[in-house]
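A.B. asks: Here you go, work_6.pdb (PDB, C-alpha atoms):
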```
ATOM      1  CA  MET A   1      23.843 -68.169 -71.398
ATOM      2  CA  ILE A   2      27.502 -68.776 -70.553
ATOM      3  CA  GLN A   3      28.241 -72.427 -69.928
ATOM      4  CA  PHE A   4      31.310 -73.996 -68.338
ATOM      5  CA  GLU A   5      33.073 -77.299 -68.473
ATOM      6  CA  THR A   6      36.101 -78.427 -66.496
ATOM      7  CA  SER A   7      38.993 -80.139 -68.156
ATOM      8  CA  ALA A   8      42.073 -81.242 -66.263
ATOM      9  CA  ASP A   9      44.644 -83.973 -66.247
ATOM     10  CA  SER A  10      43.762 -87.249 -64.585
ATOM     11  CA  ALA A  11      45.258 -86.138 -61.261
ATOM     12  CA  PHE A  12      42.591 -83.475 -61.004
ATOM     13  CA  SER A  13      39.650 -85.042 -62.803
ATOM     14  CA  PRO A  14      36.532 -84.689 -60.633
ATOM     15  CA  ILE A  15      35.590 -87.807 -58.722
ATOM     16  CA  THR A  16      32.511 -88.607 -56.731
ATOM     17  CA  GLU A  17      32.384 -86.034 -53.952
ATOM     18  CA  ARG A  18      31.370 -88.698 -51.404
ATOM     19  CA  GLU A  19      34.821 -90.258 -51.741
ATOM     20  CA  ILE A  20      36.356 -87.161 -50.117
ATOM     21  CA  LEU A  21      33.704 -84.763 -48.787
ATOM     22  CA  SER A  22      30.707 -85.723 -46.697
ATOM     23  CA  SER A  23      27.186 -84.853 -47.747
ATOM     24  CA  ASP A  24      27.005 -82.195 -45.031
ATOM     25  CA  GLN A  25      30.258 -80.662 -46.230
ATOM     26  CA  ILE A  26      29.103 -80.616 -49.839
ATOM     27  CA  ASN A  27      25.772 -79.047 -48.877
ATOM     28  CA  SER A  28      27.548 -76.431 -46.778
ATOM     29  CA  VAL A  29      29.844 -75.478 -49.667
ATOM     30  CA  LEU A  30      26.948 -75.326 -52.124
ATOM     31  CA  SER A  31      24.858 -73.278 -49.702
ATOM     32  CA  GLN A  32      27.603 -70.687 -49.397
ATOM     33  CA  LEU A  33      28.434 -70.528 -53.097
ATOM     34  CA  THR A  34      24.792 -70.213 -54.160
ATOM     35  CA  SER A  35      24.068 -67.428 -51.668
ATOM     36  CA  THR A  36      25.304 -64.710 -54.023
ATOM     37  CA  ILE A  37      25.466 -63.928 -57.712
ATOM     38  CA  GLU A  38      27.941 -61.043 -57.384
ATOM     39  CA  LEU A  39      31.281 -62.156 -58.820
ATOM     40  CA  SER A  40      33.608 -60.544 -56.259
ATOM     41  CA  THR A  41      31.522 -61.783 -53.319
ATOM     42  CA  LEU A  42      31.439 -65.272 -54.816
ATOM     43  CA  GLY A  43      35.234 -65.296 -55.154
ATOM     44  CA  SER A  44      35.641 -64.275 -51.527
ATOM     45  CA  LEU A  45      33.224 -66.979 -50.351
ATOM     46  CA  TYR A  46      34.993 -69.608 -52.434
ATOM     47  CA  PHE A  47      38.348 -68.670 -50.925
ATOM     48  CA  THR A  48      36.845 -69.030 -47.448
ATOM     49  CA  GLN A  49      35.483 -72.470 -48.321
ATOM     50  CA  LEU A  50      38.841 -73.565 -49.727
ATOM     51  CA  ALA A  51      40.584 -72.454 -46.538
ATOM     52  CA  ALA A  52      38.282 -74.670 -44.471
ATOM     53  CA  PHE A  53      39.650 -77.785 -46.207
ATOM     54  CA  LEU A  54      43.085 -76.893 -47.581
ATOM     55  CA  PRO A  55      46.155 -74.776 -46.659
ATOM     56  CA  VAL A  56      45.383 -72.286 -49.430
ATOM     57  CA  GLU A  57      47.218 -68.950 -49.352
ATOM     58  CA  SER A  58      45.823 -67.262 -52.439
ATOM     59  CA  LEU A  59      43.135 -67.688 -55.063
ATOM     60  CA  ASP A  60      43.628 -66.023 -58.446
ATOM     61  CA  LEU A  61      40.492 -65.474 -60.561
ATOM     62  CA  SER A  62      41.981 -62.540 -62.446
ATOM     63  CA  GLU A  63      41.152 -64.049 -65.844
ATOM     64  CA  PHE A  64      37.500 -63.426 -64.966
ATOM     65  CA  GLY A  65      37.876 -59.844 -63.801
ATOM     66  CA  ASP A  66      40.132 -57.190 -62.341
ATOM     67  CA  ALA A  67      40.789 -57.301 -58.604
ATOM     68  CA  MET A  68      39.715 -60.937 -58.484
ATOM     69  CA  ARG A  69      42.580 -62.107 -56.288
ATOM     70  CA  PHE A  70      41.941 -63.319 -52.764
ATOM     71  CA  GLY A  71      44.151 -64.130 -49.805
ATOM     72  CA  LEU A  72      47.827 -63.235 -49.526
ATOM     73  CA  ARG A  73      49.962 -61.868 -52.334
ATOM     74  CA  PRO A  74      51.337 -64.787 -54.395
ATOM     75  CA  ARG A  75      54.858 -65.791 -53.361
ATOM     76  CA  GLU A  76      57.640 -67.648 -55.105
ATOM     77  CA  ASN A  77      58.590 -71.190 -54.161
ATOM     78  CA  LEU A  78      55.097 -72.122 -53.004
ATOM     79  CA  GLU A  79      53.042 -74.845 -54.639
ATOM     80  CA  THR A  80      50.827 -73.302 -57.287
ATOM     81  CA  ILE A  81      48.173 -75.312 -59.123
ATOM     82  CA  SER A  82      46.333 -73.998 -62.166
ATOM     83  CA  LEU A  83      43.077 -75.729 -63.047
ATOM     84  CA  PRO A  84      41.372 -75.001 -66.360
ATOM     85  CA  VAL A  85      37.837 -73.916 -67.041
ATOM     86  CA  SER A  86      36.598 -74.275 -70.610
ATOM     87  CA  THR A  87      34.065 -71.585 -71.408
ATOM     88  CA  ILE A  88      31.403 -71.851 -74.103
ATOM     89  CA  LYS A  89      29.775 -68.527 -75.007
ATOM     90  CA  PHE A  90      26.482 -68.517 -76.883
ATOM     91  CA  GLY A  91      27.336 -71.427 -79.154
ATOM     92  CA  GLU A  92      30.765 -70.035 -80.048
ATOM     93  CA  SER A  93      34.017 -71.962 -79.859
ATOM     94  CA  LYS A  94      35.489 -72.864 -76.509
ATOM     95  CA  SER A  95      38.185 -70.844 -74.823
ATOM     96  CA  THR A  96      40.123 -71.864 -71.738
ATOM     97  CA  ALA A  97      40.664 -69.778 -68.644
ATOM     98  CA  TYR A  98      42.537 -70.831 -65.531
ATOM     99  CA  ILE A  99      41.905 -70.580 -61.818
ATOM    100  CA  ARG A 100      45.190 -70.488 -59.911
ATOM    101  CA  TYR A 101      45.554 -71.809 -56.383
ATOM    102  CA  GLN A 102      48.623 -71.272 -54.198
ATOM    103  CA  PHE A 103      49.269 -73.254 -51.029
ATOM    104  CA  SER A 104      51.459 -72.652 -47.970
ATOM    105  CA  GLU A 105      52.745 -76.251 -48.191
ATOM    106  CA  MET A 106      52.788 -79.181 -50.559
ATOM    107  CA  ILE A 107      49.402 -80.851 -50.570
ATOM    108  CA  ALA A 108      48.884 -84.593 -50.415
ATOM    109  CA  PRO A 109      47.065 -86.658 -53.072
ATOM    110  CA  ALA A 110      43.882 -86.755 -50.984
ATOM    111  CA  GLN A 111      43.985 -82.973 -50.668
ATOM    112  CA  ARG A 112      44.490 -82.665 -54.419
ATOM    113  CA  ARG A 113      41.288 -84.646 -54.909
ATOM    114  CA  ILE A 114      39.489 -82.324 -52.490
ATOM    115  CA  LEU A 115      40.749 -79.392 -54.569
ATOM    116  CA  ALA A 116      39.498 -81.053 -57.755
ATOM    117  CA  ASN A 117      36.057 -81.511 -56.227
ATOM    118  CA  LEU A 118      35.814 -77.991 -54.839
ATOM    119  CA  HIS A 119      36.953 -76.628 -58.198
ATOM    120  CA  HIS A 120      34.287 -78.707 -59.947
ATOM    121  CA  ILE A 121      31.568 -77.532 -57.530
ATOM    122  CA  PHE A 122      32.605 -73.898 -58.062
ATOM    123  CA  ILE A 123      32.163 -73.948 -61.847
ATOM    124  CA  ARG A 124      28.365 -73.624 -61.977
ATOM    125  CA  PRO A 125      27.990 -70.651 -59.576
ATOM    126  CA  LEU A 126      30.938 -69.005 -61.361
ATOM    127  CA  GLY A 127      29.064 -69.328 -64.653
ATOM    128  CA  HIS A 128      25.913 -67.831 -63.129
ATOM    129  CA  ALA A 129      27.873 -64.906 -61.679
ATOM    130  CA  LEU A 130      29.578 -64.156 -64.994
ATOM    131  CA  GLU A 131      26.268 -64.304 -66.839
ATOM    132  CA  PHE A 132      24.711 -61.964 -64.298
ATOM    133  CA  ARG A 133      27.610 -59.540 -64.748
ATOM    134  CA  ARG A 134      27.165 -59.653 -68.531
ATOM    135  CA  LEU A 135      23.436 -58.926 -68.295
ATOM    136  CA  LYS A 136      24.003 -56.170 -65.760
ATOM    137  CA  LEU A 137      26.602 -54.612 -68.042
ATOM    138  CA  MET A 138      24.125 -54.642 -70.918
ATOM    139  CA  ALA A 139      21.582 -52.871 -68.699
ATOM    140  CA  THR A 140      24.005 -50.115 -67.683
ATOM    141  CA  LYS A 141      25.955 -49.520 -70.926
ATOM    142  CA  ASP A 142      25.088 -47.453 -73.978
ATOM    143  CA  PRO A 143      25.788 -49.758 -76.946
ATOM    144  CA  LEU A 144      26.685 -46.951 -79.365
ATOM    145  CA  THR A 145      29.319 -45.141 -77.306
ATOM    146  CA  ASN A 146      30.191 -47.850 -74.764
ATOM    147  CA  LEU A 147      29.743 -45.269 -72.024
ATOM    148  CA  GLY A 148      27.464 -45.910 -69.097
ATOM    149  CA  ASN A 149      23.791 -45.154 -69.737
ATOM    150  CA  ARG A 150      21.281 -43.490 -67.418
ATOM    151  CA  ASN A 151      21.008 -46.603 -65.249
ATOM    152  CA  GLY A 152      24.784 -46.741 -64.995
ATOM    153  CA  PHE A 153      24.868 -43.058 -64.086
ATOM    154  CA  ASN A 154      22.316 -43.536 -61.304
ATOM    155  CA  GLU A 155      24.275 -46.459 -59.835
ATOM    156  CA  ALA A 156      27.621 -44.652 -59.985
ATOM    157  CA  ALA A 157      26.192 -41.442 -58.533
ATOM    158  CA  GLN A 158      24.630 -43.353 -55.646
ATOM    159  CA  ARG A 159      27.987 -44.964 -54.873
ATOM    160  CA  LEU A 160      29.566 -41.510 -54.657
ATOM    161  CA  ILE A 161      26.734 -40.247 -52.462
ATOM    162  CA  ASN A 162      27.242 -43.233 -50.151
ATOM    163  CA  ARG A 163      30.960 -42.453 -50.077
ATOM    164  CA  HIS A 164      30.164 -38.843 -49.141
ATOM    165  CA  ILE A 165      27.969 -40.046 -46.281
ATOM    166  CA  ARG A 166      30.818 -42.217 -44.952
ATOM    167  CA  THR A 167      33.780 -39.885 -45.543
ATOM    168  CA  ASN A 168      32.330 -36.430 -46.296
ATOM    169  CA  GLN A 169      34.265 -36.529 -49.586
ATOM    170  CA  ILE A 170      32.939 -34.142 -52.248
ATOM    171  CA  PHE A 171      32.447 -34.967 -55.927
ATOM    172  CA  GLY A 172      31.286 -33.045 -58.971
ATOM    173  CA  LEU A 173      28.916 -33.413 -61.894
ATOM    174  CA  LEU A 174      29.210 -32.011 -65.406
ATOM    175  CA  VAL A 175      26.237 -32.132 -67.781
ATOM    176  CA  VAL A 176      27.391 -31.816 -71.397
ATOM    177  CA  ASP A 177      25.058 -31.006 -74.282
ATOM    178  CA  LEU A 178      26.201 -30.890 -77.903
ATOM    179  CA  ASP A 179      25.627 -27.652 -79.815
ATOM    180  CA  ASN A 180      24.429 -27.896 -83.428
ATOM    181  CA  PHE A 181      24.082 -31.665 -83.318
ATOM    182  CA  LYS A 182      20.626 -31.723 -84.890
ATOM    183  CA  GLN A 183      21.943 -30.236 -88.106
ATOM    184  CA  VAL A 184      24.404 -33.127 -88.452
ATOM    185  CA  ASN A 185      21.568 -35.659 -88.441
ATOM    186  CA  ASP A 186      19.412 -33.465 -90.696
ATOM    187  CA  CYS A 187      22.121 -32.746 -93.273
ATOM    188  CA  TYR A 188      24.370 -35.807 -93.173
ATOM    189  CA  GLY A 189      22.200 -38.589 -91.768
ATOM    190  CA  HIS A 190      22.122 -40.582 -88.572
ATOM    191  CA  GLN A 191      25.222 -42.609 -89.426
ATOM    192  CA  GLN A 192      27.311 -39.445 -89.353
ATOM    193  CA  GLY A 193      25.461 -38.342 -86.244
ATOM    194  CA  ASP A 194      26.426 -41.607 -84.571
ATOM    195  CA  ARG A 195      30.071 -40.953 -85.418
ATOM    196  CA  VAL A 196      29.838 -37.549 -83.775
ATOM    197  CA  LEU A 197      28.412 -39.146 -80.618
ATOM    198  CA  GLN A 198      31.139 -41.792 -80.578
ATOM    199  CA  GLU A 199      33.922 -39.242 -81.018
ATOM    200  CA  THR A 200      32.413 -37.079 -78.290
ATOM    201  CA  ALA A 201      32.478 -40.092 -75.982
ATOM    202  CA  HIS A 202      36.164 -40.639 -76.757
ATOM    203  CA  ASN A 203      36.884 -36.989 -75.997
ATOM    204  CA  LEU A 204      35.126 -37.220 -72.649
ATOM    205  CA  ILE A 205      37.060 -40.336 -71.633
ATOM    206  CA  ASP A 206      40.339 -38.700 -72.681
ATOM    207  CA  SER A 207      39.493 -35.556 -70.702
ATOM    208  CA  ILE A 208      38.841 -37.190 -67.327
ATOM    209  CA  ARG A 209      40.970 -39.344 -65.059
ATOM    210  CA  GLY A 210      40.901 -43.107 -65.231
ATOM    211  CA  HIS A 211      38.845 -43.664 -62.090
ATOM    212  CA  GLU A 212      36.235 -41.049 -63.094
ATOM    213  CA  GLU A 213      33.249 -41.912 -65.265
ATOM    214  CA  ALA A 214      31.432 -40.520 -68.291
ATOM    215  CA  PHE A 215      27.905 -41.424 -69.380
ATOM    216  CA  ARG A 216      25.608 -40.909 -72.317
ATOM    217  CA  PHE A 217      22.508 -39.682 -70.536
ATOM    218  CA  GLY A 218      20.337 -39.686 -73.648
ATOM    219  CA  GLY A 219      20.317 -38.264 -77.172
ATOM    220  CA  ASP A 220      23.203 -35.813 -77.423
ATOM    221  CA  GLU A 221      23.456 -35.214 -73.668
ATOM    222  CA  PHE A 222      26.340 -36.605 -71.636
ATOM    223  CA  CYS A 223      27.343 -36.529 -67.962
ATOM    224  CA  CYS A 224      30.628 -36.852 -66.117
ATOM    225  CA  LEU A 225      31.008 -37.766 -62.432
ATOM    226  CA  LEU A 226      34.284 -36.323 -61.211
ATOM    227  CA  ASP A 227      36.467 -36.776 -58.155
ATOM    228  CA  VAL A 228      36.900 -33.044 -57.506
ATOM    229  CA  SER A 229      36.726 -30.975 -54.347
ATOM    230  CA  CYS A 230      36.246 -27.401 -55.545
ATOM    231  CA  SER A 231      34.688 -25.324 -58.314
ATOM    232  CA  GLN A 232      38.066 -24.557 -59.877
ATOM    233  CA  GLU A 233      38.779 -28.252 -60.432
ATOM    234  CA  LEU A 234      35.348 -28.683 -62.010
ATOM    235  CA  ASN A 235      35.994 -25.703 -64.274
ATOM    236  CA  THR A 236      39.366 -27.146 -65.323
ATOM    237  CA  VAL A 237      37.794 -30.397 -66.515
ATOM    238  CA  ALA A 238      35.025 -28.536 -68.389
ATOM    239  CA  GLN A 239      37.612 -26.427 -70.212
ATOM    240  CA  ARG A 240      39.629 -29.536 -71.037
ATOM    241  CA  ILE A 241      36.551 -31.131 -72.628
ATOM    242  CA  GLN A 242      35.819 -28.037 -74.689
ATOM    243  CA  ARG A 243      39.429 -27.731 -75.885
ATOM    244  CA  ALA A 244      39.358 -31.377 -76.975
ATOM    245  CA  MET A 245      36.187 -30.771 -78.971
ATOM    246  CA  HIS A 246      37.609 -27.611 -80.568
ATOM    247  CA  SER A 247      40.607 -29.582 -81.824
ATOM    248  CA  HIS A 248      38.729 -32.613 -83.147
ATOM    249  CA  PRO A 249      38.572 -32.612 -86.984
ATOM    250  CA  LEU A 250      35.187 -34.325 -87.328
ATOM    251  CA  LEU A 251      33.469 -32.210 -84.705
ATOM    252  CA  THR A 252      34.893 -28.931 -85.999
ATOM    253  CA  SER A 253      33.973 -29.831 -89.583
ATOM    254  CA  HIS A 254      30.334 -30.054 -88.484
ATOM    255  CA  GLY A 255      30.498 -27.050 -86.170
ATOM    256  CA  VAL A 256      29.694 -29.238 -83.164
ATOM    257  CA  THR A 257      30.700 -27.748 -79.817
ATOM    258  CA  SER A 258      29.522 -28.288 -76.259
ATOM    259  CA  SER A 259      27.607 -26.347 -73.652
ATOM    260  CA  ILE A 260      28.391 -27.539 -70.139
ATOM    261  CA  GLY A 261      26.811 -27.053 -66.737
ATOM    262  CA  GLY A 262      28.473 -28.113 -63.528
ATOM    263  CA  SER A 263      27.801 -28.465 -59.831
ATOM    264  CA  LEU A 264      29.451 -29.851 -56.713
ATOM    265  CA  PHE A 265      27.657 -32.235 -54.376
ATOM    266  CA  LYS A 266      26.755 -30.535 -51.106
ATOM    267  CA  ALA A 267      25.864 -31.889 -47.691
ATOM    268  CA  GLY A 268      22.158 -32.707 -47.624
ATOM    269  CA  ASP A 269      21.917 -33.027 -51.397
ATOM    270  CA  SER A 270      20.008 -35.736 -53.204
ATOM    271  CA  LEU A 271      20.999 -36.884 -56.683
ATOM    272  CA  GLU A 272      17.984 -35.011 -58.054
ATOM    273  CA  MET A 273      19.102 -31.770 -56.395
ATOM    274  CA  LEU A 274      22.645 -32.122 -57.728
ATOM    275  CA  PHE A 275      21.462 -32.869 -61.266
ATOM    276  CA  GLU A 276      18.891 -30.073 -61.233
ATOM    277  CA  ARG A 277      21.570 -27.475 -60.390
ATOM    278  CA  ALA A 278      23.954 -28.727 -63.076
ATOM    279  CA  ASP A 279      21.142 -28.922 -65.635
ATOM    280  CA  ARG A 280      20.030 -25.390 -64.830
ATOM    281  CA  ALA A 281      23.606 -24.185 -65.300
ATOM    282  CA  LEU A 282      23.692 -25.996 -68.648
ATOM    283  CA  TYR A 283      20.673 -24.069 -69.914
ATOM    284  CA  GLU A 284      22.292 -20.840 -68.757
ATOM    285  CA  ALA A 285      25.312 -21.795 -70.876
ATOM    286  CA  LYS A 286      23.020 -22.471 -73.845
ATOM    287  CA  ASP A 287      21.238 -19.174 -73.390
ATOM    288  CA  GLY A 288      24.589 -17.406 -73.087
ATOM    289  CA  GLY A 289      25.545 -18.254 -76.640
ATOM    290  CA  LYS A 290      26.518 -21.941 -76.537
ATOM    291  CA  ASP A 291      30.020 -23.396 -76.368
ATOM    292  CA  THR A 292      30.415 -22.111 -72.821
ATOM    293  CA  TYR A 293      30.577 -23.461 -69.292
ATOM    294  CA  GLN A 294      28.457 -22.379 -66.347
ATOM    295  CA  ALA A 295      28.689 -23.524 -62.751
ATOM    296  CA  ALA A 296      25.774 -23.638 -60.335
TER
END
```
Would it be possible to restate this file's structure as C-alpha cells?
C.D. replies:
Amino acid sequence: MIQFETSADSAFSPITEREILSSDQINSVLSQLTSTIELSTLGSLYFTQLAAFLPVESLDLSEFGDAMRFGLRPRENLETISLPVSTIKFGESKSTAYIRYQFSEMIAPAQRRILANLHHIFIRPLGHALEFRRLKLMATKDPLTNLGNRNGFNEAAQRLINRHIRTNQIFGLLVVDLDNFKQVNDCYGHQQGDRVLQETAHNLIDSIRGHEEAFRFGGDEFCCLLDVSCSQELNTVAQRIQRAMHSHPLLTSHGVTSSIGGSLFKAGDSLEMLFERADRALYEAKDGGKDTYQAA
C-alpha cells in the first residue's frame, strides 16, 4: 500500500486542528474528502474545501497525474505555496512530491496554519486514491505489452458508447489477429513469442493517434478503438498497421503478419454487436488468405 507523510518547514508544520478549525469544520472536510476514491474527483472536492476557508485561486496536483489542476490558470505575481508530500512505496525509499497552492492575495499567518491543517488532512485520502488508481491500472493493463487488457477494452468501449449516446459521434473497432504466431512459439520458444507480441503492441501504438487506444484482447489477438467517422478512415488505419508489420525486422523474420477485421459503431448497437461484426470480418480475412483487411 502507498503511504504518505508530510514534511514542511516550521511555518507549515501541522498543528492541532482545534486551534484553527472547529470540530464541525473538520468533520465536514473529512466527510467530503472520504466520499470518493477517484483521484480527479477527490482533487476537485479538495479545491472546493480550500475555497471555503482560503482565497485559493488554483490547486496544482499535476505531480500525481495529468489534468490534475483545479481552479483558474496559474498567474504570475500571485502568492504560490508549495507543500511537500513524502511518498513511501512498498517499503522502497521515499520520494517527495509537491502540492502547489496559489492565492488571489497574500494570506495571513492564521490562514497559513489553516492551509497546513487542510494539507495534512488531505494526505490520507490522497494516498487511498492513488492506491486505488494503481490497483485499477493493474486490473485493466496487460503486463506483457502494457496495453489495456480485456477489462480495459470493455471500460474504454463503454465510454465511447456513452459519448455516442450524448453526441451521436461515431467510432470504429479493429480486431487484429497475428498470422503464423503459433509457429514462433513452437519453433523458437515463448520468450521469442513474447517479443513478437511486444513489438506488435508497439506497432499498434505507433499506427494510431495519441488519444486512441490499443488493447491486447487475449493470446495473439489485439483490438483498437478508433476515433473515426467512416469506413475509409477505418481502412486507412488497418493498412497503416499492416505496413508497419511488413517493415518490422523481427516480425518479417518470423513471417508474422496480421489479419484484421473492422466495423463502425452504429445507432442501436451494443458492444457485443459491434465486436461480433468486426470479429466476423476478421475470420473472413483469415479465410481469404491471411494478411488482409475486411470490413463488416
A.B. asks: For the structure shown, which residues end up in the PyMOL selection byres ((chain A and resi 240) around 12)? Put them as a list in words, please?
C.D. replies: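 For this structure, the PyMOL selection byres ((chain A and resi 240) around 12) resolves to Asn203, Leu204, Ile205, Asp206, Ser207, Ile208, Arg209, Glu233, Leu234, Asn235, Thr236, Val237, Ala238, Gln239, Ile241, Gln242, Arg243, Ala244, Met245, His246, Ser247, Ser258, Ile260, Thr292 and Tyr293 of chain A.
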A.B. asks: Of the candidates A:Leu118, A:Leu173, A:Ala129, A:Ala267, which one gets nearest to A:Ala156 if we count all atoms listed in the file?
C.D. replies: A:Leu173
A.B. asks: For atom CA of A:Glu199 and atom CA of A:Leu271, determine how far apart the two atoms are, in Å to one decimal place.
C.D. replies: 27.7 Å
A.B. asks: Hey, what's within 12 Å of A:Gln198 if we count all atoms listed in the file and toss same-chain stuff fewer than 2 positions away? As a list in words, please?
C.D. replies: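 That gives Asp142, Pro143, Leu144, Thr145, Asn146, Leu147, Gln191, Gln192, Gly193, Asp194, Arg195, Val196, Thr200, Ala201, His202, Asn203, Leu204, Ile205, Phe215, Arg216, Gly219, Asp220, Phe222, Leu250 and Leu251 of chain A.
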A.B. asks: May I have the protein, DNA and RNA residues with any atom at most 10 Å from the point (27.0, -36.0, -66.3), counting all atoms listed in the file, written as a PyMOL selection string?
C.D. replies: chain A and resi 150+153+157+172-177+213-217+221-226+260-263+275+278-279
A.B. asks: To verify the selection step, state as a VMD selection string which residues the PyMOL selection byres ((chain A and resi 122) around 10) yields on this input.
C.D. replies: chain A and resid 29 to 30 33 to 34 42 to 43 46 116 to 121 123 to 127
A.B. asks: How many Å lie between atom CA of A:Gln158 and atom CA of A:Glu276, rounded to one decimal?
C.D. replies: 15.5 Å
A.B. asks: For A:Thr252, which residue out of A:Lys286, A:Phe265, A:Ala281, A:Phe181 is the nearest one, using only C-alpha atoms?
C.D. replies: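 Between A:Lys286, A:Phe265, A:Ala281, A:Phe181, the residue approaching A:Thr252 most closely is A:Phe181.
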A.B. asks: Which residues fall under the PyMOL selection byres ((chain A and resi 81) around 7) in this file, as a list in words?
C.D. replies: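 For this structure, the PyMOL selection byres ((chain A and resi 81) around 7) captures Glu79, Thr80, Ser82, Leu83, Arg100, Tyr101 and Gln102 of chain A.
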A.B. asks: Just to confirm, what's the straight-line distance from atom CA of A:Lys136 to atom CA of A:Ser95 in Å (one decimal)?
C.D. replies: 22.3 Å
A.B. asks: Edge lengths and centre in Å to one decimal, as lines of an AutoDock Vina configuration file, is what I'm after for the box along x, y and z that holds all listed atoms of stretch 73-85 of chain A once 8 Å is added on each side.
C.D. replies:
```
center_x = 48.2
center_y = -68.8
center_z = -59.7
size_x = 36.8
size_y = 29.9
size_z = 30.7
```
A.B. asks: Point out the residue among A:His211, A:Gly65, A:Asn154, A:Asp24 with the least atom-to-atom distance to A:Lys141, counting all atoms listed in the file.
C.D. replies: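 For A:Lys141, the nearest of the candidates is A:Asn154.
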A.B. asks: Just checking: using all atoms listed in the file, which residue out of A:Glu76, A:Leu50, A:Arg159, A:Phe64 ends up closest to A:Thr96?
C.D. replies: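 Residue with the minimum atom-to-atom distance to A:Thr96: A:Phe64.
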A.B. asks: Is there a way to complete stretch 111-122 of chain A with N, CA, C and O atoms and then write that out as a short mmCIF file (atom, residue, chain, number, x, y, z; two decimals), in the coordinates of the input?
C.D. replies:
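Result saved to selection_13.cif:
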```
data_model
loop_
_atom_site.label_atom_id
_atom_site.label_comp_id
_atom_site.auth_asym_id
_atom_site.auth_seq_id
_atom_site.Cartn_x
_atom_site.Cartn_y
_atom_site.Cartn_z
N GLN A 111 44.32 -84.39 -50.64
CA GLN A 111 43.98 -82.97 -50.67
C GLN A 111 43.82 -82.47 -52.09
O GLN A 111 43.00 -81.59 -52.37
N ARG A 112 44.61 -83.04 -53.01
CA ARG A 112 44.49 -82.66 -54.42
C ARG A 112 43.13 -83.08 -54.96
O ARG A 112 42.53 -82.39 -55.78
N ARG A 113 42.61 -84.22 -54.47
CA ARG A 113 41.29 -84.65 -54.91
C ARG A 113 40.21 -83.74 -54.31
O ARG A 113 39.20 -83.45 -54.96
N ILE A 114 40.42 -83.30 -53.07
CA ILE A 114 39.49 -82.32 -52.49
C ILE A 114 39.47 -81.05 -53.34
O ILE A 114 38.41 -80.50 -53.64
N LEU A 115 40.67 -80.58 -53.72
CA LEU A 115 40.75 -79.39 -54.57
C LEU A 115 40.00 -79.60 -55.88
O LEU A 115 39.25 -78.72 -56.34
N ALA A 116 40.19 -80.77 -56.50
CA ALA A 116 39.50 -81.05 -57.76
C ALA A 116 37.99 -80.98 -57.58
O ALA A 116 37.27 -80.45 -58.43
N ASN A 117 37.49 -81.52 -56.47
CA ASN A 117 36.06 -81.51 -56.23
C ASN A 117 35.53 -80.11 -55.94
O ASN A 117 34.48 -79.72 -56.45
N LEU A 118 36.24 -79.35 -55.12
CA LEU A 118 35.81 -77.99 -54.84
C LEU A 118 35.84 -77.14 -56.11
O LEU A 118 34.93 -76.34 -56.36
N HIS A 119 36.86 -77.33 -56.91
CA HIS A 119 36.95 -76.63 -58.20
C HIS A 119 35.75 -76.98 -59.08
O HIS A 119 35.13 -76.10 -59.69
N HIS A 120 35.41 -78.25 -59.12
CA HIS A 120 34.29 -78.71 -59.95
C HIS A 120 32.97 -78.13 -59.43
O HIS A 120 32.12 -77.71 -60.23
N ILE A 121 32.80 -78.09 -58.12
CA ILE A 121 31.57 -77.53 -57.53
C ILE A 121 31.44 -76.04 -57.85
O ILE A 121 30.34 -75.53 -58.08
N PHE A 122 32.58 -75.35 -57.88
CA PHE A 122 32.60 -73.90 -58.06
C PHE A 122 32.20 -73.47 -59.47
O PHE A 122 31.75 -72.34 -59.67
#
```
